[in-house]
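Enquirer: Before anything else, here's the structure in question.
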Amino acid sequence: MDKSHKTLGEFIIDNQKHFKYSSGELSSLINSIRLAAKIVNHKVNKAGLIDILGASGDTNIQGEEQQKLDIYAHDVFMSALINREIVCGIASEEEDDFITVKGKHHNNDNKYVVLIDPLDGSSNIDVNVSVGTVFSIYRRITPLGMPVKIEDFLQKGSEQVAAGYIVYGTSTMLVYTTGYGVNGFTLNPALGTFYLSHPNMEFPKDGNIFSINEGNYSHFPQGVKDYIKYCQAEENDRPYSFRYIGSMVSDFHRNMIKGGIYIYPTSSKSPKGKLRLLYECNPIAFITEQAGGKATDGFNRILDIQPTELHQRVPFFCGSLNMVKKAESFMKKYP
Ligand code: AHG
Ligand code: MN
Ligand code: MN
């Protein structure tokens, strides 16, 4: 017997009133993401059996090698989002520029833009370790009737109307927020139905897990090095446990449930950080704050950053409130 009988579809309808714009619109958008998530899940689940593992032979705009599943997931989410009269533009990690989506009569009357990392944690695809999808949704700011412009995508994270992620793990979950808390839904694969399994998800205020690629230690800023040493110190409830999957979505999901911090800082190898502001950090930061956690670039709130480029990178400190505050206190010593 499933823990909850409420399906994602029912939940969306029950909570439409929370959406300050026309209620059916967001429902339709989340529904298209729900559908795409099921299709990608189906593929990811049998990845070892079909010719979908490995590199595609192409690189994306960021010079990263694209995996076959990166492209598959990108295509699935694109077609699911395009086939509704809701979305006017989409930006994806796997596409250099944003794409414009026209309405039924080739008009430009659709109202929402979506930014997406179709498959997060690519390096884990071939080894049967959890991967994810991250999405961020805004209302367009340019007038209806006009094609979307770059400004519609370069909005601050604080303007998001919804955001979420899917984690394709030991079970597949869809977690999202529309600004009224965070709810998680687990897929029953036999029925193809998501059920509300994690209502009102909240970050523990404190935690004892830290997640950072310590292989880059010698390239980290001094504040980050000092914080790592603090986590390892033998005092009170320390040393903390170190856990790093290498799929930000999966690392984040674990930390939100158990209490922890995820850091992808600047380094001498990647001076701006690695993670992308618009379709990785902003949606995760929105969820973090809705769950009572904190998300910053080490100094400033992620959701307040004015984006200047579609594929902009940013350092990311995210997790349990008191752990992020502590990490920031080390960063402040080296402004
Ligand atoms: P993506 O697969 O979408 O390119 O993202 C990978 C990201 C993120 O998921 C992960 O936490 C991080 O890259 C891991 O990077 P390192 O291997 O440098 O630690
Ligand atoms: Mn990613
Ligand atoms: Mn990706």
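If you're wondering about the labels, chains in the structure tokens are A, B, ... by order shown, residues count from 1 in each chain, ligands from 1 in order shown.
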DSSP on the backbone: what in segment 43-234 of chain A comes out strand (DSSP E or B), as a count of residues only?

Expert: 63

Enquirer: At a cut-off of 12 Å around ligand 3, and using only C-alpha atoms and all ligand atoms, what residues come up? Please write them as a count of residues only.

Expert: 45

Enquirer: May I ask which of the residues A:Ser22, A:Asn213, A:Asn236, A:Asn45 is the closest one to ligand 1, counting only C-alpha atoms and all ligand atoms?

Expert: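 The shortest atom-to-atom distance to ligand 1 comes from A:Asn213.
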
Enquirer: Tell me which protein, DNA and RNA residues are within 6 Å of Phe317 of chain A, counting only C-alpha atoms, leaving out same-chain ones fewer than 5 positions away, and put them as a list in words.

Expert: Tyr262, Ile263, Ala295, Thr296, Asp297 and Gly298 of chain A

Enquirer: Take the residues that were just selected and, keeping N, CA, C and O atoms, output them as a PDB file, in the first residue's frame.

Expert:
```
ATOM      1  N   TYR A 262      26.004  21.756   0.701  1.00  0.00           N
ATOM      2  CA  TYR A 262      26.618  21.440  -0.587  1.00  0.00           C
ATOM      3  C   TYR A 262      27.398  22.684  -1.020  1.00  0.00           C
ATOM      4  O   TYR A 262      26.860  23.795  -0.997  1.00  0.00           O
ATOM      5  N   ILE A 263      28.654  22.490  -1.393  1.00  0.00           N
ATOM      6  CA  ILE A 263      29.452  23.639  -1.848  1.00  0.00           C
ATOM      7  C   ILE A 263      30.109  23.309  -3.182  1.00  0.00           C
ATOM      8  O   ILE A 263      30.751  22.261  -3.326  1.00  0.00           O
ATOM      9  N   ALA A 295      20.880  29.679   0.610  1.00  0.00           N
ATOM     10  CA  ALA A 295      21.680  29.473  -0.610  1.00  0.00           C
ATOM     11  C   ALA A 295      22.368  30.766  -1.004  1.00  0.00           C
ATOM     12  O   ALA A 295      21.697  31.785  -1.229  1.00  0.00           O
ATOM     13  N   THR A 296      23.703  30.750  -1.059  1.00  0.00           N
ATOM     14  CA  THR A 296      24.457  31.969  -1.366  1.00  0.00           C
ATOM     15  C   THR A 296      25.619  31.626  -2.288  1.00  0.00           C
ATOM     16  O   THR A 296      25.880  30.455  -2.574  1.00  0.00           O
ATOM     17  N   ASP A 297      26.326  32.676  -2.735  1.00  0.00           N
ATOM     18  CA  ASP A 297      27.551  32.434  -3.502  1.00  0.00           C
ATOM     19  C   ASP A 297      28.768  32.478  -2.565  1.00  0.00           C
ATOM     20  O   ASP A 297      29.890  32.633  -2.996  1.00  0.00           O
ATOM     21  N   GLY A 298      28.508  32.369  -1.293  1.00  0.00           N
ATOM     22  CA  GLY A 298      29.566  32.462  -0.276  1.00  0.00           C
ATOM     23  C   GLY A 298      29.475  33.792   0.454  1.00  0.00           C
ATOM     24  O   GLY A 298      29.956  33.940   1.569  1.00  0.00           O
TER      25      GLY A 298
END
```

Enquirer: Figure out the distance between atom CA of Gly293 of chain A and atom 16 (P, counted along the ligand's line) of ligand 1, please, to one decimal in Å.

Expert: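 According to the coordinates, atom 16 (P, counted along the ligand's line) of ligand 1 and atom CA of Gly293 of chain A are separated by 22.7 Å.
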
Enquirer: What gap, in Å, lies between atom CA of Asp75 of chain A and atom CA of Leu35 of chain A?

Expert: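 Going from atom CA of Asp75 of chain A over to atom CA of Leu35 of chain A covers 13.0 Å.
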
Enquirer: Could you check which of A:Asn110, A:Asn188, A:Asn31, A:Gln155 is closest to His5 of chain A, using only C-alpha atoms?

Expert: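 Nearest candidate to His5 of chain A out of A:Asn110, A:Asn188, A:Asn31, A:Gln155: A:Asn188.
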
Enquirer: Give me, please, the distance in Å between atom CA of Tyr227 of chain A and atom 5 (O, counted along the ligand's line) of ligand 1, quoted to one decimal.

Expert: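 Straight-line distance from atom CA of Tyr227 of chain A to atom 5 (O, counted along the ligand's line) of ligand 1 works out to 23.6 Å.
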
Enquirer: Nearest to ligand 1 among A:Ile39, A:Cys231, A:Cys281, A:Ala162, with distances taken over only C-alpha atoms and all ligand atoms: which residue is it?

Expert: A:Cys281

Enquirer: Would you please give, as an NGL selection string, all residues of segment 46-291 of chain A that DSSP assigns to alpha helix (DSSP H) based on the backbone?

Expert: :A and (68-82 or 150-153 or 222-232 or 248-258 or 282-290)

Enquirer: Can you pull out every residue within 12 Å of Gln16 of chain A, counting only C-alpha atoms, but drop anything in the same chain fewer than 3 positions away, and send it as a PyMOL selection string?

Expert: chain A and resi 9-13+19-28+30+178+180

Enquirer: Using only C-alpha atoms, find the one residue out of A:Lys156, A:Lys272, A:Lys258, A:Lys333 that sits nearest to Asp304 of chain A.

Expert: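 Of all the options, A:Lys156 lies closest to Asp304 of chain A.
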
Enquirer: Of the residues A:Pro335, A:Pro143, A:Ser211, A:Lys149, which is the one nearest to Asp109 of chain A, using only C-alpha atoms?

Expert: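 Among the listed residues, A:Pro143 lies closest to Asp109 of chain A.
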